[in-house]
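Structure file structure_36.cif (mmCIF, C-alpha atoms and all ligand atoms) follows.
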```
data_run
loop_
_atom_site.label_atom_id
_atom_site.label_comp_id
_atom_site.auth_asym_id
_atom_site.auth_seq_id
_atom_site.Cartn_x
_atom_site.Cartn_y
_atom_site.Cartn_z
CA MET A 17 0.00 0.00 0.00
CA ASN A 18 1.23 3.44 -0.90
CA GLN A 19 2.21 5.31 2.27
CA ARG A 20 0.05 8.27 1.33
CA GLN A 21 -3.07 6.15 1.02
CA LEU A 22 -5.76 6.65 3.62
CA ASP A 23 -5.12 4.16 6.40
CA LEU A 24 -8.51 3.67 8.10
CA PRO A 25 -7.46 1.13 10.78
CA GLY A 26 -4.48 3.35 11.61
CA MET A 27 -6.72 6.42 11.83
CA LEU A 28 -9.05 4.57 14.24
CA VAL A 29 -6.17 3.58 16.53
CA GLU A 30 -4.91 7.18 16.46
CA ALA A 31 -8.40 8.36 17.43
CA GLY A 32 -8.28 5.95 20.38
CA ILE A 33 -10.89 3.55 18.95
CA THR A 34 -9.61 0.01 19.28
CA GLU A 35 -12.63 -1.98 20.34
CA VAL A 36 -16.33 -1.39 19.94
CA GLU A 37 -18.90 -2.93 22.27
CA CYS A 38 -22.62 -2.77 21.59
CA THR A 39 -25.77 -4.86 21.98
CA GLU A 40 -26.98 -7.16 19.22
CA GLU A 41 -29.88 -4.82 18.41
CA GLU A 42 -27.58 -1.80 18.20
CA ALA A 43 -25.23 -3.78 16.01
CA SER A 44 -28.00 -4.74 13.60
CA ASN A 45 -29.24 -1.11 13.46
CA ALA A 46 -25.71 0.06 12.83
CA LEU A 47 -25.57 -2.35 9.90
CA LYS A 48 -28.59 -0.83 8.13
CA ARG A 49 -27.61 2.24 6.15
CA GLY A 50 -29.19 5.08 4.18
CA GLU A 51 -27.14 6.77 1.44
CA LEU A 52 -28.02 10.34 0.44
CA HIS A 53 -24.98 11.43 -1.59
CA VAL A 54 -23.60 9.01 -4.15
CA HIS A 55 -22.91 9.63 -7.85
CA MET A 56 -23.94 6.72 -10.02
CA ASN A 57 -20.88 6.82 -12.28
CA GLY A 58 -18.57 7.09 -9.25
CA ALA A 59 -20.06 3.89 -7.86
CA VAL A 60 -19.38 1.51 -10.77
CA PRO A 61 -16.85 -1.21 -9.85
CA ALA A 62 -13.66 -1.19 -11.96
CA ALA A 63 -14.29 -4.72 -13.29
CA THR A 64 -17.69 -3.61 -14.68
CA ILE A 65 -16.13 -0.54 -16.30
CA ARG A 66 -13.56 -2.74 -18.04
CA GLU A 67 -16.28 -5.09 -19.31
CA ILE A 68 -18.38 -2.25 -20.67
CA LEU A 69 -15.46 -0.45 -22.33
CA ALA A 70 -14.45 -3.71 -24.02
CA ASP A 71 -18.01 -4.50 -25.11
CA GLU A 72 -18.55 -1.03 -26.57
CA GLY A 73 -15.09 -0.91 -28.19
CA THR A 74 -14.26 2.31 -26.35
CA SER A 75 -10.56 3.07 -26.10
CA LEU A 76 -8.97 5.00 -23.26
CA PRO A 77 -7.81 8.59 -23.87
CA HIS A 78 -4.18 8.93 -25.00
CA GLY A 79 -1.78 8.34 -22.10
CA TYR A 80 -4.53 7.19 -19.74
CA CYS A 81 -3.54 4.33 -17.45
CA PHE A 82 -6.60 2.49 -16.14
CA GLN A 83 -4.93 1.15 -13.00
CA ARG A 84 -3.38 4.50 -12.08
CA ASP A 85 -6.01 6.99 -13.25
CA MET A 86 -9.29 5.21 -12.58
CA VAL A 87 -9.02 5.16 -8.80
CA ARG A 88 -8.17 7.83 -6.24
CA LEU A 89 -6.61 6.29 -3.15
CA ALA A 90 -4.32 9.04 -1.89
CA PRO A 91 -5.01 12.75 -1.25
CA CYS A 92 -4.87 14.65 -4.57
CA ARG A 93 -3.06 17.94 -5.16
CA SER A 94 -6.18 19.46 -6.69
CA LEU A 95 -9.84 18.76 -7.38
CA ALA A 96 -8.90 18.49 -11.07
CA GLU A 97 -6.52 15.63 -10.25
CA TYR A 98 -9.25 13.95 -8.21
CA LEU A 99 -11.58 14.19 -11.23
CA THR A 100 -9.22 12.30 -13.63
CA PRO A 101 -11.43 9.14 -13.60
CA TRP A 102 -14.26 11.15 -15.18
CA GLN A 103 -12.28 11.39 -18.43
CA VAL A 104 -13.33 7.75 -18.85
CA LEU A 105 -16.53 7.68 -16.80
CA ARG A 106 -18.08 10.07 -19.34
CA LEU A 107 -17.52 7.62 -22.21
CA PHE A 108 -20.09 4.93 -21.31
CA PRO A 109 -22.64 3.30 -21.31
CA LYS A 110 -23.54 3.66 -24.97
CA LYS A 111 -25.77 0.57 -25.00
CA GLN A 112 -28.94 0.17 -23.01
CA ALA A 113 -27.87 -3.37 -21.98
CA ASN A 114 -24.71 -1.91 -20.48
CA LEU A 115 -26.73 0.62 -18.48
CA ASP A 116 -28.47 -2.41 -16.93
CA ARG A 117 -25.13 -4.13 -16.34
CA LEU A 118 -23.83 -0.96 -14.70
CA THR A 119 -26.82 -0.34 -12.43
CA LEU A 120 -26.87 -3.96 -11.30
CA ALA A 121 -23.19 -3.68 -10.28
CA VAL A 122 -23.80 -0.35 -8.50
CA PHE A 123 -26.70 -1.77 -6.47
CA GLY A 124 -24.65 -4.92 -5.77
CA SER A 125 -21.99 -2.75 -4.11
CA LEU A 126 -24.64 -0.83 -2.17
CA ALA A 127 -26.12 -4.12 -0.95
CA GLU A 128 -22.66 -5.24 0.24
CA ASN A 129 -22.66 -2.10 2.38
CA GLN A 130 -26.07 -2.94 3.87
CA VAL A 131 -27.65 0.11 2.20
CA ALA A 132 -31.41 -0.12 2.73
CA PHE A 133 -32.28 3.01 0.75
CA VAL A 134 -30.33 5.26 -1.59
CA GLU A 135 -30.78 8.54 -3.38
CA LEU A 136 -28.71 7.99 -6.49
CA ARG A 137 -27.59 11.03 -8.48
CA SER A 138 -26.93 10.95 -12.17
CA SER A 139 -26.40 13.20 -15.18
CA VAL A 140 -29.27 12.28 -17.50
CA LEU A 141 -28.06 14.60 -20.27
CA TYR A 142 -24.76 12.71 -20.60
CA LEU A 143 -26.71 9.47 -20.80
CA ALA A 144 -28.95 10.91 -23.55
CA THR A 145 -25.90 11.98 -25.57
CA LEU A 146 -24.14 8.64 -25.12
CA GLN A 147 -27.22 6.57 -25.97
CA GLY A 148 -28.34 8.83 -28.82
CA CYS A 149 -31.81 9.32 -27.39
CA SER A 150 -33.93 12.17 -26.06
CA PRO A 151 -33.50 13.33 -22.43
CA ALA A 152 -36.98 11.95 -21.63
CA GLN A 153 -36.02 8.55 -23.07
CA ALA A 154 -32.74 8.60 -21.13
CA LEU A 155 -34.59 9.44 -17.92
CA GLU A 156 -37.10 6.68 -18.58
CA ARG A 157 -34.29 4.17 -19.16
CA LEU A 158 -32.56 5.30 -15.99
CA ILE A 159 -35.76 4.92 -13.97
CA GLU A 160 -36.40 1.44 -15.35
CA SER A 161 -32.83 0.22 -15.05
CA THR A 162 -32.19 1.49 -11.50
CA GLY A 163 -35.68 0.37 -10.44
CA GLU A 164 -35.05 -3.19 -11.58
CA ALA A 165 -31.52 -3.32 -10.06
CA ALA A 166 -32.84 -1.89 -6.78
CA ARG A 167 -35.68 -4.41 -6.70
CA ARG A 168 -33.32 -7.33 -7.31
CA HIS A 169 -31.13 -6.24 -4.41
CA GLY A 170 -33.99 -5.33 -2.08
CA ILE A 171 -32.99 -1.66 -1.89
CA ARG A 172 -35.38 1.31 -2.09
CA ARG A 173 -34.13 4.04 -4.35
CA GLY A 174 -34.89 7.58 -5.46
CA LEU A 175 -33.17 9.49 -8.23
CA ILE A 176 -31.58 12.93 -7.97
CA LEU A 177 -30.98 14.72 -11.25
CA THR A 178 -27.63 16.47 -11.40
CA VAL A 179 -27.24 19.86 -13.06
CA THR A 180 -23.74 21.15 -13.80
CA ARG A 181 -22.62 24.66 -12.84
CA GLY A 182 -21.56 27.01 -15.61
CA ASP A 183 -23.15 28.93 -18.45
CA TYR A 184 -25.34 26.03 -19.59
CA GLY A 185 -26.67 25.10 -16.15
CA ALA A 186 -30.01 26.84 -16.66
CA VAL A 187 -30.51 25.29 -20.12
CA GLY A 188 -29.58 21.89 -18.70
CA LEU A 189 -32.06 22.24 -15.84
CA ALA A 190 -34.86 23.37 -18.17
CA THR A 191 -34.21 20.35 -20.40
CA LEU A 192 -34.25 17.96 -17.43
CA LEU A 193 -37.45 19.42 -16.04
CA GLN A 194 -39.10 19.14 -19.43
CA ALA A 195 -38.14 15.45 -19.55
CA PHE A 196 -39.54 15.05 -16.02
CA GLU A 197 -42.84 16.65 -17.12
CA GLU A 198 -42.98 14.57 -20.33
CA LEU A 199 -42.84 11.40 -18.23
CA GLY A 200 -45.67 12.65 -16.00
CA ARG A 201 -43.53 13.71 -13.03
CA PRO A 202 -42.44 10.20 -12.01
CA LYS A 203 -42.21 9.62 -8.24
CA ASP A 204 -38.84 7.92 -8.76
CA VAL A 205 -37.27 11.37 -9.22
CA VAL A 206 -36.99 12.92 -5.78
CA GLY A 207 -34.56 15.80 -6.08
CA LEU A 208 -32.20 18.11 -7.93
CA ASP A 209 -28.48 18.54 -7.39
CA LEU A 210 -26.11 21.29 -8.52
CA ALA A 211 -22.56 20.02 -9.04
CA GLY A 212 -19.38 20.98 -10.89
CA ASP A 213 -16.66 23.59 -10.59
CA GLU A 214 -17.56 25.94 -7.72
CA GLU A 215 -15.41 28.70 -9.21
CA MET A 216 -17.70 28.90 -12.24
CA SER A 217 -20.51 31.39 -12.46
CA TYR A 218 -24.04 30.39 -13.43
CA ALA A 219 -26.95 32.02 -15.22
CA ALA A 220 -28.81 34.61 -13.11
CA GLU A 221 -32.11 32.71 -13.44
CA LEU A 222 -30.73 29.38 -12.13
CA PRO A 223 -31.53 29.92 -8.40
CA SER A 224 -35.16 30.85 -9.10
CA MET A 225 -35.49 27.78 -11.34
CA PHE A 226 -34.36 25.57 -8.46
CA ARG A 227 -36.77 27.34 -6.08
CA ASP A 228 -39.67 26.85 -8.53
CA ALA A 229 -38.87 23.16 -8.92
CA LYS A 230 -38.93 22.83 -5.15
CA ASP A 231 -42.15 24.79 -4.64
CA HIS A 232 -44.15 23.60 -7.65
CA LEU A 233 -42.79 20.13 -8.39
CA GLY A 234 -42.01 19.04 -4.83
CA LEU A 235 -38.39 18.18 -5.62
CA GLY A 236 -35.78 18.25 -2.86
CA ILE A 237 -32.78 20.51 -3.41
CA THR A 238 -29.19 19.60 -2.64
CA ILE A 239 -26.27 21.79 -3.71
CA HIS A 240 -22.58 20.89 -3.85
CA ALA A 241 -21.13 23.89 -2.01
CA GLY A 242 -18.19 24.83 0.16
CA GLU A 243 -16.13 21.86 -1.01
CA THR A 244 -13.40 24.09 -2.44
CA GLY A 245 -13.21 26.51 0.45
CA ARG A 246 -15.94 28.90 -0.67
CA ALA A 247 -18.18 29.47 2.33
CA GLU A 248 -20.19 32.06 0.36
CA ASN A 249 -21.37 29.27 -1.96
CA VAL A 250 -22.92 27.53 1.04
CA ARG A 251 -24.71 30.73 2.01
CA SER A 252 -26.05 31.28 -1.51
CA ALA A 253 -27.11 27.61 -1.69
CA VAL A 254 -29.29 28.28 1.35
CA GLU A 255 -30.48 31.80 0.66
CA LEU A 256 -30.77 31.77 -3.16
CA PHE A 257 -31.34 28.13 -4.09
CA HIS A 258 -33.34 27.26 -0.94
CA ALA A 259 -31.27 24.11 -0.52
CA ASP A 260 -32.62 21.43 1.83
CA ARG A 261 -29.22 19.81 2.01
CA ILE A 262 -25.62 20.79 1.26
CA GLY A 263 -23.12 18.47 -0.43
CA HIS A 264 -19.81 18.54 1.50
CA GLY A 265 -20.08 22.08 2.94
CA THR A 266 -16.65 21.74 4.54
CA ALA A 267 -15.93 25.49 4.24
CA ALA A 268 -18.86 26.20 6.59
CA GLY A 269 -16.87 24.64 9.46
CA LYS A 270 -14.80 27.82 9.72
CA ASP A 271 -17.76 30.20 9.65
CA PRO A 272 -19.74 30.18 12.94
CA ASP A 273 -22.50 32.47 11.54
CA LEU A 274 -23.00 30.14 8.61
CA MET A 275 -23.12 27.11 10.89
CA ASP A 276 -25.75 28.91 12.98
CA LEU A 277 -27.77 29.50 9.80
CA LEU A 278 -27.55 25.79 8.85
CA ALA A 279 -28.51 24.77 12.38
CA GLU A 280 -31.44 27.22 12.62
CA ARG A 281 -32.90 26.17 9.29
CA ARG A 282 -32.17 22.46 9.91
CA ILE A 283 -30.22 22.11 6.68
CA CYS A 284 -28.43 18.81 6.57
CA VAL A 285 -24.81 18.60 5.41
CA GLU A 286 -23.94 15.49 3.41
CA VAL A 287 -20.50 14.74 4.85
CA CYS A 288 -18.29 12.48 2.72
CA PRO A 289 -15.23 11.92 4.93
CA ILE A 290 -13.10 9.81 2.58
CA SER A 291 -13.84 12.01 -0.43
CA ASN A 292 -13.08 15.16 1.60
CA ARG A 293 -9.60 13.88 2.44
CA LEU A 294 -8.89 12.67 -1.11
CA THR A 295 -10.02 15.89 -2.80
CA GLY A 296 -8.16 18.03 -0.28
CA ALA A 297 -11.44 19.71 0.81
CA VAL A 298 -10.05 18.96 4.27
CA PRO A 299 -6.24 19.31 4.29
CA PRO A 300 -4.16 16.56 5.96
CA ASN A 301 -3.08 18.82 8.83
CA GLU A 302 -6.62 19.93 9.73
CA ALA A 303 -9.42 18.30 11.70
CA HIS A 304 -12.56 17.45 9.75
CA PRO A 305 -15.27 20.08 10.37
CA LEU A 306 -17.86 17.49 11.33
CA GLN A 307 -16.94 17.97 14.99
CA GLU A 308 -17.70 21.71 14.53
CA PHE A 309 -21.01 20.80 12.88
CA ARG A 310 -21.91 18.67 15.86
CA ARG A 311 -20.92 21.41 18.34
CA HIS A 312 -23.09 23.94 16.48
CA GLY A 313 -26.04 21.58 16.13
CA VAL A 314 -25.74 21.41 12.33
CA PRO A 315 -27.45 18.22 11.12
CA PHE A 316 -25.23 15.98 9.02
CA VAL A 317 -25.35 12.59 7.39
CA ILE A 318 -22.36 10.43 6.40
CA CYS A 319 -22.24 9.59 2.68
CA SER A 320 -19.77 8.04 0.23
CA ASP A 321 -19.79 10.36 -2.86
CA ASN A 322 -17.80 8.16 -5.31
CA PRO A 323 -17.18 4.88 -3.50
CA ALA A 324 -15.84 2.84 -6.44
CA ILE A 325 -13.29 5.54 -7.26
CA HIS A 326 -12.10 5.35 -3.64
CA GLN A 327 -12.31 1.52 -3.71
CA ARG A 328 -14.36 1.82 -0.51
CA GLY A 329 -18.02 1.83 0.48
CA LEU A 330 -20.41 3.63 2.82
CA ALA A 331 -19.33 1.31 5.65
CA ASP A 332 -15.77 2.63 5.25
CA ASP A 333 -17.00 6.23 5.26
CA GLN A 334 -18.73 5.58 8.57
CA THR A 335 -15.48 4.10 9.89
CA ALA A 336 -13.63 7.17 8.60
CA ALA A 337 -16.15 9.43 10.35
CA MET A 338 -15.37 7.66 13.61
CA ALA A 339 -11.69 8.17 12.98
CA GLU A 340 -12.52 11.87 12.53
CA GLY A 341 -14.09 11.95 15.99
CA LEU A 342 -17.65 10.58 15.82
CA SER A 343 -18.76 7.98 18.34
CA ILE A 344 -20.43 4.62 17.85
CA CYS A 345 -23.53 6.30 19.29
CA ASP A 346 -23.41 8.91 16.47
CA MET A 347 -23.16 6.06 13.99
CA GLN A 348 -26.18 4.28 15.43
CA GLN A 349 -28.24 7.43 14.81
CA GLN A 350 -27.12 7.73 11.20
CA TYR A 351 -29.84 5.54 9.70
CA GLU A 352 -32.63 7.56 11.32
CA ILE A 353 -30.96 10.86 10.39
CA ALA A 354 -30.62 9.77 6.75
CA LYS A 355 -34.28 8.76 6.77
CA HIS A 356 -35.33 12.09 8.29
CA TYR A 357 -33.49 14.21 5.71
CA SER A 358 -34.23 11.94 2.75
CA PHE A 359 -36.25 13.28 -0.19
CA MET A 360 -37.84 9.84 -0.60
CA GLU A 361 -40.95 10.69 1.35
CA GLY A 362 -43.42 7.82 1.17
CA LEU A 363 -40.83 5.56 -0.49
CA ILE A 364 -39.03 4.51 2.71
ZN ZN A 401 -20.65 14.73 -4.87
#
```
Before we go any further, please render this structure as structure tokens.
Amino acid sequence: MNQRQLDLPGMLVEAGITEVECTEEEASNALKRGELHVHMNGAVPAATIREILADEGTSLPHGYCFQRDMVRLAPCRSLAEYLTPWQVLRLFPKKQANLDRLTLAVFGSLAENQVAFVELRSSVLYLATLQGCSPAQALERLIESTGEAARRHGIRRGLILTVTRGDYGAVGLATLLQAFEELGRPKDVVGLDLAGDEEMSYAAELPSMFRDAKDHLGLGITIHAGETGRAENVRSAVELFHADRIGHGTAAGKDPDLMDLLAERRICVEVCPISNRLTGAVPPNEAHPLQEFRRHGVPFVICSDNPAIHQRGLADDQTAAMAEGLSICDMQQQYEIAKHYSFMEGLI
């Protein structure tokens, strides 16, 4: 193992956690998990990616080394370096059968982590481009494919549609919402997510479009914000986008007023401890802000973000959260917290 790789057992020993004692009931509760922040293409096992690339005759970009570039195991120098796997993750699945192969593998990994319900996020517009179909058809395929995979693994699932920051964010969201309407507002779609480069600006109308979708379509809102140190993005996620949840939000840990705002409005932070260390959102020499969140009464839920890229799972993220200072008692509450802040009302 590379010395710079995250050493979870070592981190636990350092945090003084060597042995965990709990009752059988507590242990079985601790085993059941809810996942609120996981990207579908970051959750596809490497073996499945290889199979699909081979089946679709897709070659890797020039100079790309699958073994080196497809996983992120050690803290990266930049978010761009962390995102290297997406150079390949954006190239598939071109065939509908491979979407099914992919979703089955994703839900298989979730089942291995005792995930009872998941809100899976995905970029439907990429899927439409890859499969040469309309956004509504791509959304329909995604609903069918994830629904069948979830059913086979006994997992309840909702879908979150991801919109990318930047100049085309508003156009992308309008296209997604049109597809959602065309399909008769399927219950499978439970929320909207804004992701992508936090340094990028977005169209002025984007926040009101998110608010409208929340108020008129009943969709939950989660915004990736404060991952790259920009606390003001967390504030605008709350005040402009009316976010129900914040993805990462690590920058808020240094802003007591902002933490008070999150606590007062009961806005849940989706904390992804392994991802936060690998992306550098939390530098190696700093404590993870989740202890600050707890002190300020900010609700948070532990999530995995891109588990296959980390070669880990939600269980490992919960272990990492304990290494960052959470107790076994905190962990036992996680399932109920995830349920409380889930957008899957009536589905779980
Ligand atoms: Zn994310």
How would you report the residues lying within 10 Å of ligand ZN 401 (chain A), as an MDAnalysis selection string, if you count only C-alpha atoms and all ligand atoms? chainID A and resid 53:55 58 137 178 209:212 239:241 243 262:264 286:288 291:292 319:322
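Take the candidates A:Thr244, A:Gln194, A:Ser125, A:Ser161 and check each one against A:Ala113 using all atoms listed in the file; the shortest distance goes to A:Ser161.
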Determine the nearest neighbour of A:Glu361 from the options A:Leu105, A:Met275, A:Ile283, A:Val206, counting only C-alpha atoms. A:Val206
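Our summary of the geometry notes that atom CA of A:Gly185 is positioned 20.0 Å from atom CA of A:Gly234.
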Record the distance separating atom CA of A:Ala90 and atom CA of A:Leu294, expressed in Å with one decimal. 5.9 Å
Please provide the set of residues having any atom within 10 Å of A:Phe196, restricted to all atoms listed in the file, with same-chain residues fewer than 6 positions apart removed, written as a ChimeraX atom specification. /A:151-152,155-156,177,190,202-203,205,233
Emit the selected residues as a PDB file, in the coordinates of the input, including C-alpha atoms.
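For reference, result-v3.pdb as written:
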```pdb
ATOM      1  CA  PRO A 151     -33.500  13.330 -22.430  1.00  0.00           C
ATOM      2  CA  ALA A 152     -36.980  11.950 -21.630  1.00  0.00           C
ATOM      3  CA  LEU A 155     -34.590   9.440 -17.920  1.00  0.00           C
ATOM      4  CA  GLU A 156     -37.100   6.680 -18.580  1.00  0.00           C
ATOM      5  CA  LEU A 177     -30.980  14.720 -11.250  1.00  0.00           C
ATOM      6  CA  ALA A 190     -34.860  23.370 -18.170  1.00  0.00           C
ATOM      7  CA  PRO A 202     -42.440  10.200 -12.010  1.00  0.00           C
ATOM      8  CA  LYS A 203     -42.210   9.620  -8.240  1.00  0.00           C
ATOM      9  CA  VAL A 205     -37.270  11.370  -9.220  1.00  0.00           C
ATOM     10  CA  LEU A 233     -42.790  20.130  -8.390  1.00  0.00           C
TER      11      LEU A 233
END
```
Near-A:Ile325 list (8 Å; only C-alpha atoms; drop same-chain fewer than 2 positions) as a count of residues only: 11
Given the point (-14.3, 29.2, -0.2) in the file's coordinates, find the residues that have an atom at most 10 Å from it, counting only C-alpha atoms, and give them as a PyMOL selection string. chain A and resi 214-215+241-250+265-268+297
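The shell of residues at most 12 Å from A:Val314, with all atoms listed in the file counted and near chain neighbours (fewer than 6 positions) removed, consists of A:Arg261, A:Ile262, A:Gly265, A:Thr266, A:Ala268, A:Gly269, A:Pro272, A:Asp273, A:Leu274, A:Met275, A:Asp276, A:Leu277, A:Leu278, A:Ala279, A:Glu280, A:Arg281, A:Arg282, A:Ile283, A:Cys284, A:Val285, A:Glu286, A:Val287, A:Pro305, A:Leu306, A:Gln307, A:Glu308, A:Ile353.
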What does the file look like for those residues with C-alpha atoms, as a compact mmCIF listing (two decimals), in the frame of the given file?
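And here is the file that came out, selection-v7.txt:
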```
# COMPACT_ATOMS: atom_id res chain seq x y z
CA ARG A 261 -29.22 19.81 2.01
CA ILE A 262 -25.62 20.79 1.26
CA GLY A 265 -20.08 22.08 2.94
CA THR A 266 -16.65 21.74 4.54
CA ALA A 268 -18.86 26.20 6.59
CA GLY A 269 -16.87 24.64 9.46
CA PRO A 272 -19.74 30.18 12.94
CA ASP A 273 -22.50 32.47 11.54
CA LEU A 274 -23.00 30.14 8.61
CA MET A 275 -23.12 27.11 10.89
CA ASP A 276 -25.75 28.91 12.98
CA LEU A 277 -27.77 29.50 9.80
CA LEU A 278 -27.55 25.79 8.85
CA ALA A 279 -28.51 24.77 12.38
CA GLU A 280 -31.44 27.22 12.62
CA ARG A 281 -32.90 26.17 9.29
CA ARG A 282 -32.17 22.46 9.91
CA ILE A 283 -30.22 22.11 6.68
CA CYS A 284 -28.43 18.81 6.57
CA VAL A 285 -24.81 18.60 5.41
CA GLU A 286 -23.94 15.49 3.41
CA VAL A 287 -20.50 14.74 4.85
CA PRO A 305 -15.27 20.08 10.37
CA LEU A 306 -17.86 17.49 11.33
CA GLN A 307 -16.94 17.97 14.99
CA GLU A 308 -17.70 21.71 14.53
CA ILE A 353 -30.96 10.86 10.39
```
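Proximity ranking of A:Ser343, A:Thr119, A:Ala259, A:Thr180 relative to A:Arg167 places A:Thr119 first, based on only C-alpha atoms.
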If we count all atoms listed in the file and set the cut-off at 8 Å, which residues sit around A:Gly296, ignoring sequence neighbours fewer than 3 positions away in its own chain? Please answer as a PDB file with C-alpha atoms, in the coordinates of the input.
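The file below, selection-v4.pdb, is the result:
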```pdb
ATOM      1  CA  PRO A  91      -5.010  12.750  -1.250  1.00  0.00           C
ATOM      2  CA  CYS A  92      -4.870  14.650  -4.570  1.00  0.00           C
ATOM      3  CA  ARG A  93      -3.060  17.940  -5.160  1.00  0.00           C
ATOM      4  CA  SER A  94      -6.180  19.460  -6.690  1.00  0.00           C
ATOM      5  CA  LEU A  95      -9.840  18.760  -7.380  1.00  0.00           C
ATOM      6  CA  ASN A 292     -13.080  15.160   1.600  1.00  0.00           C
ATOM      7  CA  ARG A 293      -9.600  13.880   2.440  1.00  0.00           C
ATOM      8  CA  PRO A 299      -6.240  19.310   4.290  1.00  0.00           C
ATOM      9  CA  PRO A 300      -4.160  16.560   5.960  1.00  0.00           C
TER      10      PRO A 300
END
```
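Picture a line from atom CA of A:Ala165 to atom CA of A:Asp116; it runs 7.6 Å.
Residue neighbourhood of A:Gly174, excluding near-sequence residues (fewer than 6 positions): Val134, Glu135, Leu136, Asp204, Val205, Val206 and Met360 of chain A, at 7 Å, using only C-alpha atoms.
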Pick from A:Pro315, A:Phe82, A:Asp228, A:Ile171: nearest to A:Glu352, with only C-alpha atoms counted? A:Pro315
